Amino acid sequence: MNETETSFRDLTLDDVKPLIEGGEYDVVDVREGWERERGHIPGSRHVVLSRILADPTGLDFKDKTIFVCEVGERSAVASEMAVALGVPDVVNFRGGHKAWREAGLPLVRGL
């Protein structure tokens, strides 16, 4: 998939990290609760992918949203849903928490 087919940006750690640190983007962790408890990106909020798929219109995503999962597959699905809902600036974090951890970046434990 590429940006012209999906209308969301598929970015890796080097491009996503400054967006997260800038604070303008809503970072949405779509992993399961047990995954999130092991560690998540500081400031991210938790919305399980199954909830997004079950009722996408019942959720409020900001105009600038980064979706993240473990490696970038589930977050790509969430990104597609957000684009379909009309969110103007959607980013899929390709590499996800795995890339974040491997870079030694901070994680928060618990939900």
# chains A, B, ... in the order shown; residues from 1 in each chain; ligands from 1
>>> select_by_dssp(residues="region 54-88 of chain A", states="strand (DSSP E)", output="PyMOL selection string")
chain A and resi 64-68
>>> residues_around(residues="Val77 (chain A)", least_positions_apart="4", cutoff="12 Å", atoms="only C-alpha atoms", output="list in words")
Met1, Thr6, Phe8, Asp10, Val30, Arg31, Val48, Leu49, Ser50, Ile52, Leu53, Pro56, Phe67, Val68, Cys69, Gly72, Glu73, Met81, Ala82, Val83, Ala84, Val90, Val91, Asn92, Phe93 and Arg94 of chain A
>>> write_last_selection(atoms="N, CA and C atoms", output="mmCIF file, in the first residue's frame")
data_model
loop_
_atom_site.group_PDB
_atom_site.id
_atom_site.type_symbol
_atom_site.label_atom_id
_atom_site.label_comp_id
_atom_site.auth_asym_id
_atom_site.auth_seq_id
_atom_site.Cartn_x
_atom_site.Cartn_y
_atom_site.Cartn_z
ATOM 1 N N MET A 1 0.837 -1.182 0.000
ATOM 2 C CA MET A 1 0.000 0.000 0.000
ATOM 3 C C MET A 1 0.882 1.246 0.000
ATOM 4 N N THR A 6 -4.219 4.822 -0.020
ATOM 5 C CA THR A 6 -4.842 4.728 1.286
ATOM 6 C C THR A 6 -5.200 6.075 1.893
ATOM 7 N N PHE A 8 -3.462 7.707 3.944
ATOM 8 C CA PHE A 8 -2.788 7.924 5.215
ATOM 9 C C PHE A 8 -1.302 7.758 4.983
ATOM 10 N N ASP A 10 2.254 6.273 5.922
ATOM 11 C CA ASP A 10 2.815 5.068 6.525
ATOM 12 C C ASP A 10 4.269 5.408 6.862
ATOM 13 N N VAL A 30 -3.721 0.707 19.395
ATOM 14 C CA VAL A 30 -4.837 -0.177 19.066
ATOM 15 C C VAL A 30 -4.611 -1.627 19.503
ATOM 16 N N ARG A 31 -3.555 -1.861 20.284
ATOM 17 C CA ARG A 31 -3.261 -3.225 20.732
ATOM 18 C C ARG A 31 -4.241 -3.671 21.817
ATOM 19 N N VAL A 48 -8.800 -0.274 21.530
ATOM 20 C CA VAL A 48 -8.546 -1.570 20.907
ATOM 21 C C VAL A 48 -9.121 -1.591 19.483
ATOM 22 N N LEU A 49 -8.380 -2.189 18.561
ATOM 23 C CA LEU A 49 -8.809 -2.233 17.162
ATOM 24 C C LEU A 49 -10.214 -2.812 17.010
ATOM 25 N N SER A 50 -10.541 -3.853 17.766
ATOM 26 C CA SER A 50 -11.878 -4.459 17.640
ATOM 27 C C SER A 50 -12.980 -3.454 17.960
ATOM 28 N N ILE A 52 -12.744 -0.188 17.351
ATOM 29 C CA ILE A 52 -12.792 0.696 16.181
ATOM 30 C C ILE A 52 -13.591 0.031 15.069
ATOM 31 N N LEU A 53 -13.355 -1.254 14.857
ATOM 32 C CA LEU A 53 -14.054 -1.977 13.789
ATOM 33 C C LEU A 53 -15.538 -2.149 14.104
ATOM 34 N N PRO A 56 -16.918 2.397 14.454
ATOM 35 C CA PRO A 56 -15.987 3.478 14.126
ATOM 36 C C PRO A 56 -16.592 4.873 14.272
ATOM 37 N N PHE A 67 -1.784 6.177 14.578
ATOM 38 C CA PHE A 67 -2.187 4.874 15.095
ATOM 39 C C PHE A 67 -0.949 3.996 15.224
ATOM 40 N N VAL A 68 -0.885 3.261 16.344
ATOM 41 C CA VAL A 68 0.265 2.407 16.623
ATOM 42 C C VAL A 68 -0.206 1.075 17.196
ATOM 43 N N CYS A 69 0.480 0.000 16.788
ATOM 44 C CA CYS A 69 0.258 -1.320 17.372
ATOM 45 C C CYS A 69 1.638 -1.919 17.633
ATOM 46 N N GLY A 72 2.708 -2.502 13.152
ATOM 47 C CA GLY A 72 2.164 -1.627 12.118
ATOM 48 C C GLY A 72 1.076 -2.215 11.253
ATOM 49 N N GLU A 73 0.689 -3.461 11.511
ATOM 50 C CA GLU A 73 -0.365 -4.070 10.696
ATOM 51 C C GLU A 73 -1.760 -3.684 11.184
ATOM 52 N N MET A 81 -9.663 2.954 8.577
ATOM 53 C CA MET A 81 -10.981 3.307 9.132
ATOM 54 C C MET A 81 -11.073 4.812 9.390
ATOM 55 N N ALA A 82 -10.016 5.390 9.952
ATOM 56 C CA ALA A 82 -10.018 6.826 10.253
ATOM 57 C C ALA A 82 -10.129 7.658 8.978
ATOM 58 N N VAL A 83 -9.426 7.230 7.942
ATOM 59 C CA VAL A 83 -9.514 7.930 6.657
ATOM 60 C C VAL A 83 -10.953 7.854 6.130
ATOM 61 N N ALA A 84 -11.573 6.684 6.241
ATOM 62 C CA ALA A 84 -12.958 6.511 5.783
ATOM 63 C C ALA A 84 -13.918 7.403 6.567
ATOM 64 N N VAL A 90 -3.869 11.383 8.950
ATOM 65 C CA VAL A 90 -3.744 10.087 9.616
ATOM 66 C C VAL A 90 -2.377 9.497 9.306
ATOM 67 N N VAL A 91 -1.729 9.005 10.372
ATOM 68 C CA VAL A 91 -0.409 8.382 10.240
ATOM 69 C C VAL A 91 -0.463 6.979 10.821
ATOM 70 N N ASN A 92 0.050 6.019 10.068
ATOM 71 C CA ASN A 92 0.270 4.674 10.578
ATOM 72 C C ASN A 92 1.741 4.568 10.955
ATOM 73 N N PHE A 93 2.009 4.178 12.205
ATOM 74 C CA PHE A 93 3.380 4.017 12.686
ATOM 75 C C PHE A 93 3.867 2.630 12.276
ATOM 76 N N ARG A 94 4.545 2.566 11.144
ATOM 77 C CA ARG A 94 5.100 1.313 10.629
ATOM 78 C C ARG A 94 6.305 0.935 11.492
#
>>> residues_around(residues="Gly43 (chain A)", least_positions_apart="3", cutoff="12 Å", atoms="only C-alpha atoms", output="list in words")
Ile20, Glu21, Gly22, Gly23, Glu24, Tyr25, Asp26, Val27, Val28, Asp29, Gly39, His40, His46, Ile66, Pro106, Leu107, Val108, Arg109 and Leu111 of chain A
>>> atom_distance(atom1="CA of Ile41 (chain A)", atom2="CA of Trp100 (chain A)")
8.0 Å
>>> closest_residue(among="A:Thr57, A:Ala99, A:Glu80, A:Lys62", to="Arg45 (chain A)", atoms="only C-alpha atoms")
A:Lys62
>>> closest_residue(among="A:Val71, A:Leu59, A:Ala78, A:Ala54", to="Gly95 (chain A)", atoms="only C-alpha atoms")
A:Val71
